[in-house]
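Next comes start.cif, with mmCIF, C-alpha atoms and all ligand atoms.
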data_input
loop_
_atom_site.group_PDB
_atom_site.id
_atom_site.type_symbol
_atom_site.label_atom_id
_atom_site.label_comp_id
_atom_site.auth_asym_id
_atom_site.auth_seq_id
_atom_site.Cartn_x
_atom_site.Cartn_y
_atom_site.Cartn_z
ATOM 1 C CA MET A 3 -16.930 -21.048 21.216
ATOM 2 C CA PRO A 4 -16.488 -19.159 17.938
ATOM 3 C CA ARG A 5 -13.277 -19.306 15.975
ATOM 4 C CA GLN A 6 -11.761 -15.984 14.929
ATOM 5 C CA ILE A 7 -9.400 -15.498 12.015
ATOM 6 C CA LEU A 8 -7.625 -12.323 10.995
ATOM 7 C CA TYR A 9 -5.656 -12.159 7.773
ATOM 8 C CA THR A 10 -4.123 -9.574 5.496
ATOM 9 C CA SER A 11 -3.845 -9.808 1.730
ATOM 10 C CA ARG A 12 -2.565 -7.719 -1.146
ATOM 11 C CA ALA A 13 -5.449 -6.291 -3.164
ATOM 12 C CA MET A 14 -5.013 -7.096 -6.873
ATOM 13 C CA SER A 15 -7.855 -5.218 -8.502
ATOM 14 C CA ASN A 16 -7.678 -1.881 -10.263
ATOM 15 C CA ARG A 17 -11.467 -1.473 -10.024
ATOM 16 C CA PHE A 18 -12.111 -1.257 -6.288
ATOM 17 C CA ASP A 19 -15.225 0.842 -6.811
ATOM 18 C CA ARG A 20 -16.760 -2.198 -8.484
ATOM 19 C CA ASP A 21 -15.000 -5.051 -6.667
ATOM 20 C CA ILE A 22 -15.432 -4.056 -3.042
ATOM 21 C CA PRO A 23 -19.222 -3.669 -3.221
ATOM 22 C CA GLU A 24 -19.322 -7.009 -5.069
ATOM 23 C CA ILE A 25 -17.222 -8.731 -2.361
ATOM 24 C CA LEU A 26 -19.476 -7.259 0.321
ATOM 25 C CA ARG A 27 -22.625 -8.351 -1.525
ATOM 26 C CA CYS A 28 -21.329 -11.942 -1.796
ATOM 27 C CA SER A 29 -20.258 -12.012 1.834
ATOM 28 C CA ARG A 30 -23.552 -10.623 3.083
ATOM 29 C CA ARG A 31 -25.463 -13.123 0.960
ATOM 30 C CA ASN A 32 -23.419 -16.203 1.919
ATOM 31 C CA ASN A 33 -22.232 -15.600 5.471
ATOM 32 C CA PRO A 34 -25.585 -15.519 7.305
ATOM 33 C CA GLU A 35 -26.452 -19.059 6.182
ATOM 34 C CA LEU A 36 -23.152 -20.247 7.640
ATOM 35 C CA GLY A 37 -23.417 -18.160 10.795
ATOM 36 C CA LEU A 38 -20.282 -16.256 9.835
ATOM 37 C CA THR A 39 -19.650 -12.668 10.856
ATOM 38 C CA GLY A 40 -16.749 -10.323 10.261
ATOM 39 C CA ILE A 41 -15.350 -7.096 9.002
ATOM 40 C CA LEU A 42 -13.393 -6.215 5.900
ATOM 41 C CA VAL A 43 -11.004 -3.267 6.093
ATOM 42 C CA PHE A 44 -9.398 -1.772 2.998
ATOM 43 C CA THR A 45 -6.260 0.325 3.309
ATOM 44 C CA GLY A 46 -6.047 1.344 -0.336
ATOM 45 C CA SER A 47 -3.707 -1.534 -1.194
ATOM 46 C CA THR A 48 -4.316 -4.216 1.415
ATOM 47 C CA PHE A 49 -7.365 -6.077 2.676
ATOM 48 C CA ILE A 50 -7.569 -6.964 6.337
ATOM 49 C CA GLN A 51 -10.418 -9.250 7.238
ATOM 50 C CA ILE A 52 -11.758 -10.729 10.441
ATOM 51 C CA LEU A 53 -13.925 -13.810 10.018
ATOM 52 C CA GLU A 54 -15.753 -15.378 12.932
ATOM 53 C CA GLY A 55 -17.884 -18.472 13.211
ATOM 54 C CA SER A 56 -17.890 -22.151 13.964
ATOM 55 C CA PRO A 57 -14.574 -23.839 13.116
ATOM 56 C CA GLU A 58 -16.080 -26.134 10.503
ATOM 57 C CA HIS A 59 -17.652 -23.229 8.611
ATOM 58 C CA ILE A 60 -14.556 -21.020 8.525
ATOM 59 C CA ASP A 61 -12.273 -23.426 6.635
ATOM 60 C CA PRO A 62 -14.401 -23.896 3.506
ATOM 61 C CA VAL A 63 -15.013 -20.143 3.151
ATOM 62 C CA LEU A 64 -11.348 -19.401 3.710
ATOM 63 C CA ASP A 65 -10.525 -21.891 0.949
ATOM 64 C CA ILE A 66 -12.865 -20.080 -1.443
ATOM 65 C CA ILE A 67 -11.540 -16.664 -0.427
ATOM 66 C CA SER A 68 -7.944 -17.883 -0.843
ATOM 67 C CA GLY A 69 -8.665 -18.755 -4.460
ATOM 68 C CA ASP A 70 -10.113 -15.324 -5.259
ATOM 69 C CA THR A 71 -7.907 -13.518 -7.792
ATOM 70 C CA ARG A 72 -8.936 -10.093 -6.479
ATOM 71 C CA HIS A 73 -6.221 -10.514 -3.858
ATOM 72 C CA ALA A 74 -2.985 -12.432 -3.205
ATOM 73 C CA ASP A 75 -0.394 -13.144 -0.508
ATOM 74 C CA ILE A 76 -2.839 -14.046 2.218
ATOM 75 C CA ARG A 77 -1.200 -13.978 5.642
ATOM 76 C CA VAL A 78 -3.130 -15.308 8.607
ATOM 77 C CA LEU A 79 -2.102 -13.226 11.628
ATOM 78 C CA LEU A 80 -4.608 -14.678 14.035
ATOM 79 C CA ASP A 81 -6.468 -17.982 14.326
ATOM 80 C CA ARG A 82 -7.960 -18.622 17.734
ATOM 81 C CA MET A 83 -11.057 -19.545 19.669
ATOM 82 C CA VAL A 84 -12.776 -16.633 21.435
ATOM 83 C CA GLU A 85 -15.433 -16.296 24.122
ATOM 84 C CA LYS A 86 -17.283 -13.605 22.233
ATOM 85 C CA ARG A 87 -17.385 -12.365 18.643
ATOM 86 C CA ALA A 88 -15.753 -8.986 18.029
ATOM 87 C CA CYS A 89 -17.982 -8.249 15.047
ATOM 88 C CA GLY A 90 -21.318 -8.879 16.773
ATOM 89 C CA ASP A 91 -23.908 -9.610 14.131
ATOM 90 C CA TRP A 92 -22.201 -7.992 11.133
ATOM 91 C CA THR A 93 -22.521 -10.347 8.180
ATOM 92 C CA MET A 94 -19.557 -8.378 6.808
ATOM 93 C CA GLY A 95 -18.803 -4.923 8.134
ATOM 94 C CA PHE A 96 -16.665 -2.604 6.098
ATOM 95 C CA GLY A 97 -14.194 0.061 7.094
ATOM 96 C CA LEU A 98 -11.609 2.377 5.627
ATOM 97 C CA ILE A 99 -8.567 3.143 7.735
ATOM 98 C CA ASP A 100 -8.967 6.905 7.281
ATOM 99 C CA ARG A 101 -11.536 6.656 10.051
ATOM 100 C CA HIS A 102 -8.943 5.604 12.612
ATOM 101 C CA PRO A 103 -8.336 8.457 15.115
ATOM 102 C CA GLY A 104 -4.638 8.461 14.144
ATOM 103 C CA GLY A 105 -5.464 8.463 10.433
ATOM 104 C CA ARG A 106 -4.047 6.092 7.834
ATOM 105 C CA ILE A 107 -0.451 6.278 9.021
ATOM 106 C CA GLY A 108 -1.476 5.905 12.656
ATOM 107 C CA PHE A 109 -3.482 2.797 11.837
ATOM 108 C CA LEU A 110 -0.739 1.174 9.749
ATOM 109 C CA GLU A 111 1.982 1.890 12.296
ATOM 110 C CA ARG A 112 -0.100 0.578 15.173
ATOM 111 C CA MET A 113 -1.089 -2.490 13.203
ATOM 112 C CA ALA A 114 2.537 -3.264 12.300
ATOM 113 C CA HIS A 115 3.530 -2.860 15.938
ATOM 114 C CA LEU A 116 0.709 -5.050 17.255
ATOM 115 C CA SER A 117 1.220 -7.830 14.730
ATOM 116 C CA ARG A 118 4.961 -7.902 15.471
ATOM 117 C CA ASP A 119 4.184 -8.050 19.176
ATOM 118 C CA GLY A 120 1.787 -10.961 18.644
ATOM 119 C CA SER A 121 0.793 -11.319 22.310
ATOM 120 C CA PRO A 122 -2.868 -12.061 23.115
ATOM 121 C CA ALA A 123 -3.305 -8.497 24.429
ATOM 122 C CA ALA A 124 -1.782 -6.989 21.276
ATOM 123 C CA LEU A 125 -3.992 -9.137 19.071
ATOM 124 C CA ASP A 126 -7.052 -8.151 21.104
ATOM 125 C CA GLU A 127 -6.177 -4.506 20.500
ATOM 126 C CA LEU A 128 -5.775 -5.140 16.778
ATOM 127 C CA VAL A 129 -9.190 -6.801 16.591
ATOM 128 C CA ALA A 130 -10.781 -3.938 18.555
ATOM 129 C CA MET A 131 -9.097 -1.382 16.288
ATOM 130 C CA MET A 132 -10.555 -3.131 13.250
ATOM 131 C CA ALA A 133 -14.027 -3.458 14.756
ATOM 132 C CA ALA A 134 -14.045 0.265 15.653
ATOM 133 C CA LEU A 135 -13.579 1.177 11.975
ATOM 134 C CA GLY A 136 -16.800 -0.519 11.017
ATOM 135 C CA SER A 137 -19.020 0.615 13.810
ATOM 136 C CA GLU A 138 -20.901 3.451 12.147
ATOM 137 C CA ARG A 139 -21.321 2.787 8.459
ATOM 138 C CA VAL A 140 -20.882 -0.912 8.885
ATOM 139 C CA ARG A 141 -23.560 -2.070 6.489
ATOM 140 C CA GLU A 142 -22.536 0.143 3.598
ATOM 141 C CA TYR A 143 -19.641 0.447 1.279
ATOM 142 C CA ALA A 144 -18.288 3.961 1.906
HETATM 143 C C1 LIG B 1 -10.858 -9.888 0.571
HETATM 144 C C2 LIG B 1 -12.020 -10.782 0.228
HETATM 145 C C3 LIG B 1 -12.905 -11.171 1.252
HETATM 146 C C4 LIG B 1 -13.979 -12.001 0.975
HETATM 147 N N1 LIG B 1 -14.825 -12.381 1.988
HETATM 148 C C5 LIG B 1 -15.855 -13.226 1.736
HETATM 149 C C6 LIG B 1 -16.713 -13.669 2.788
HETATM 150 O O1 LIG B 1 -16.576 -13.316 3.954
HETATM 151 N N2 LIG B 1 -17.734 -14.494 2.440
HETATM 152 C C7 LIG B 1 -17.958 -14.917 1.164
HETATM 153 O O2 LIG B 1 -18.899 -15.673 0.934
HETATM 154 N N3 LIG B 1 -17.171 -14.508 0.157
HETATM 155 C C8 LIG B 1 -16.123 -13.674 0.413
HETATM 156 N N4 LIG B 1 -15.310 -13.263 -0.623
HETATM 157 C C9 LIG B 1 -15.678 -13.644 -2.003
HETATM 158 C C10 LIG B 1 -15.275 -15.051 -2.340
HETATM 159 O O3 LIG B 1 -13.904 -15.096 -2.678
HETATM 160 C C11 LIG B 1 -16.109 -15.563 -3.551
HETATM 161 O O4 LIG B 1 -16.005 -14.684 -4.625
HETATM 162 C C12 LIG B 1 -17.570 -15.685 -3.173
HETATM 163 O O5 LIG B 1 -17.737 -16.405 -1.977
HETATM 164 C C13 LIG B 1 -18.342 -16.394 -4.285
HETATM 165 O O6 LIG B 1 -19.683 -16.393 -3.896
HETATM 166 P P1 LIG B 1 -20.829 -16.953 -4.855
HETATM 167 O O7 LIG B 1 -20.440 -18.373 -5.166
HETATM 168 O O8 LIG B 1 -22.071 -16.855 -4.012
HETATM 169 O O9 LIG B 1 -20.864 -16.050 -6.054
HETATM 170 C C14 LIG B 1 -14.210 -12.452 -0.351
HETATM 171 C C15 LIG B 1 -13.314 -12.051 -1.365
HETATM 172 C C16 LIG B 1 -12.240 -11.232 -1.088
HETATM 173 C C17 LIG B 1 -11.303 -10.818 -2.191
#

What would you get if you wrote out this structure as structure tokens?
Ligand SMILES: Cc1cc2nc3c(=O)[nH]c(=O)nc-3n(C[C@H](O)[C@H](O)[C@H](O)COP(=O)(O)O)c2cc1C
Amino acid sequence: MPRQILYTSRAMSNRFDRDIPEILRCSRRNNPELGLTGILVFTGSTFIQILEGSPEHIDPVLDIISGDTRHADIRVLLDRMVEKRACGDWTMGFGLIDRHPGGRIGFLERMAHLSRDGSPAALDELVAMMAALGSERVREYA
């Protein structure tokens, strides 16, 4: 069974046009070898990332990511085993929250509500909401 992690972090760069494509390039280069999949969502100030894969492969990557100075204040909202990956075969999907049907505010409010709730159903909805952002232009940086 794959392990699924979801965390948020405060983005620290002032050059997102350069840094986000670079993060996606690294992820898409490294993750396939480790069988990791996921999606990275950028709100304009916060990263939200889902990482999925075998438990022993997630920890080392999370350690590397945690040391990356392009973000800070990592908060793991979800760490669980799942039957099925939410991100399919995306080596690292990418989404902007503007694409949420409720727009940026709708996404942030719903996310705050769901993470406060914290029940399995709420967390499932949060994961699905994230995955939906990446579904169309998933392989590209917007
Ligand atoms: C928000 C965020 C998410 C990241 N996600 C990944 C990831 O999924 N996989 C990965 O290999 N690197 C990821 N990185 C980059 C790593 O921190 C690190 O820079 C990279 O793994 C170094 O790869 P390299 O040794 O191949 O250059 C992420 C960085 C940030 C800031």

Q.
For a quick check of understanding, using all atoms listed in the file, which of A:Asp75, A:Asp100, A:Asp19, A:Asp126 has the smallest distance to Phe49 of chain A?
A.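 Looking only at the distances to Phe49 of chain A, the closest residue turns out to be A:Asp75.
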
Q: Return as a ChimeraX atom specification the residues of protein, DNA or RNA that approach ligand LIG 1 (chain B) to within 8 Å, with all atoms listed in the file taken into account.
A: /A:11,13,22,25-26,28-33,38-40,42,49-51,53,63-64,66-73,93-94

Q: Report the residues retrieved by the PyMOL selection byres (((chain A and resi 84) around 7) and not hetatm) from the displayed file, expressed as number ranges by chain.
A: A: 3-6, 82-83, 85-87

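Take atom CA of Gly136 of chain A and atom CA of Pro23 of chain A: the distance between them is 14.8 Å.
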
Q. What does the distance from atom CA of Pro34 of chain A to atom CA of Leu80 of chain A come to in Å, to one decimal?
A. 22.0 Å

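Of the listed residues A:Ala74, A:Leu135, A:Val129, A:Ala88, the one whose atoms come nearest to His102 of chain A is A:Leu135, with distances taken using only C-alpha atoms.
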
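Among the candidate residues A:Gly46, A:Pro62, A:Gly37, A:Pro103, the one lying nearest to Ser15 of chain A is A:Gly46, with distances computed using only C-alpha atoms.
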
Q | Using all atoms listed in the file: which of A:Gly55, A:Asp91, A:Thr45, A:Arg27 has the shortest distance to Met113 of chain A | A | A:Thr45

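The interatomic distance for the pair atom CA of Cys89 of chain A and atom CA of Ile52 of chain A works out to 8.1 Å.
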
Q: Using only C-alpha atoms, give me every residue within 12 Å of (0.4, -1.5, 14.4) in file coordinates, as a count of residues only.
A: 24

Q) How would you write, as a PyMOL selection string, the residues chosen by the PyMOL selection byres (((chain A and resi 9) around 6) and not hetatm) on this structure? A) chain A and resi 8+10+50-51+77-79

Q | Nearest candidate to Asp61 of chain A (options A:Ser47, A:Glu24, A:Pro122, A:Leu36; using all atoms listed in the file) | A |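 Checking each of A:Ser47, A:Glu24, A:Pro122, A:Leu36 against Asp61 of chain A, counting all atoms listed in the file, the winner is A:Leu36.
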
Q. Which one is closest to Ala130 of chain A: A:Glu35, A:Met14, A:Gly90, A:Asp21? Count all atoms listed in the file.
A. A:Gly90
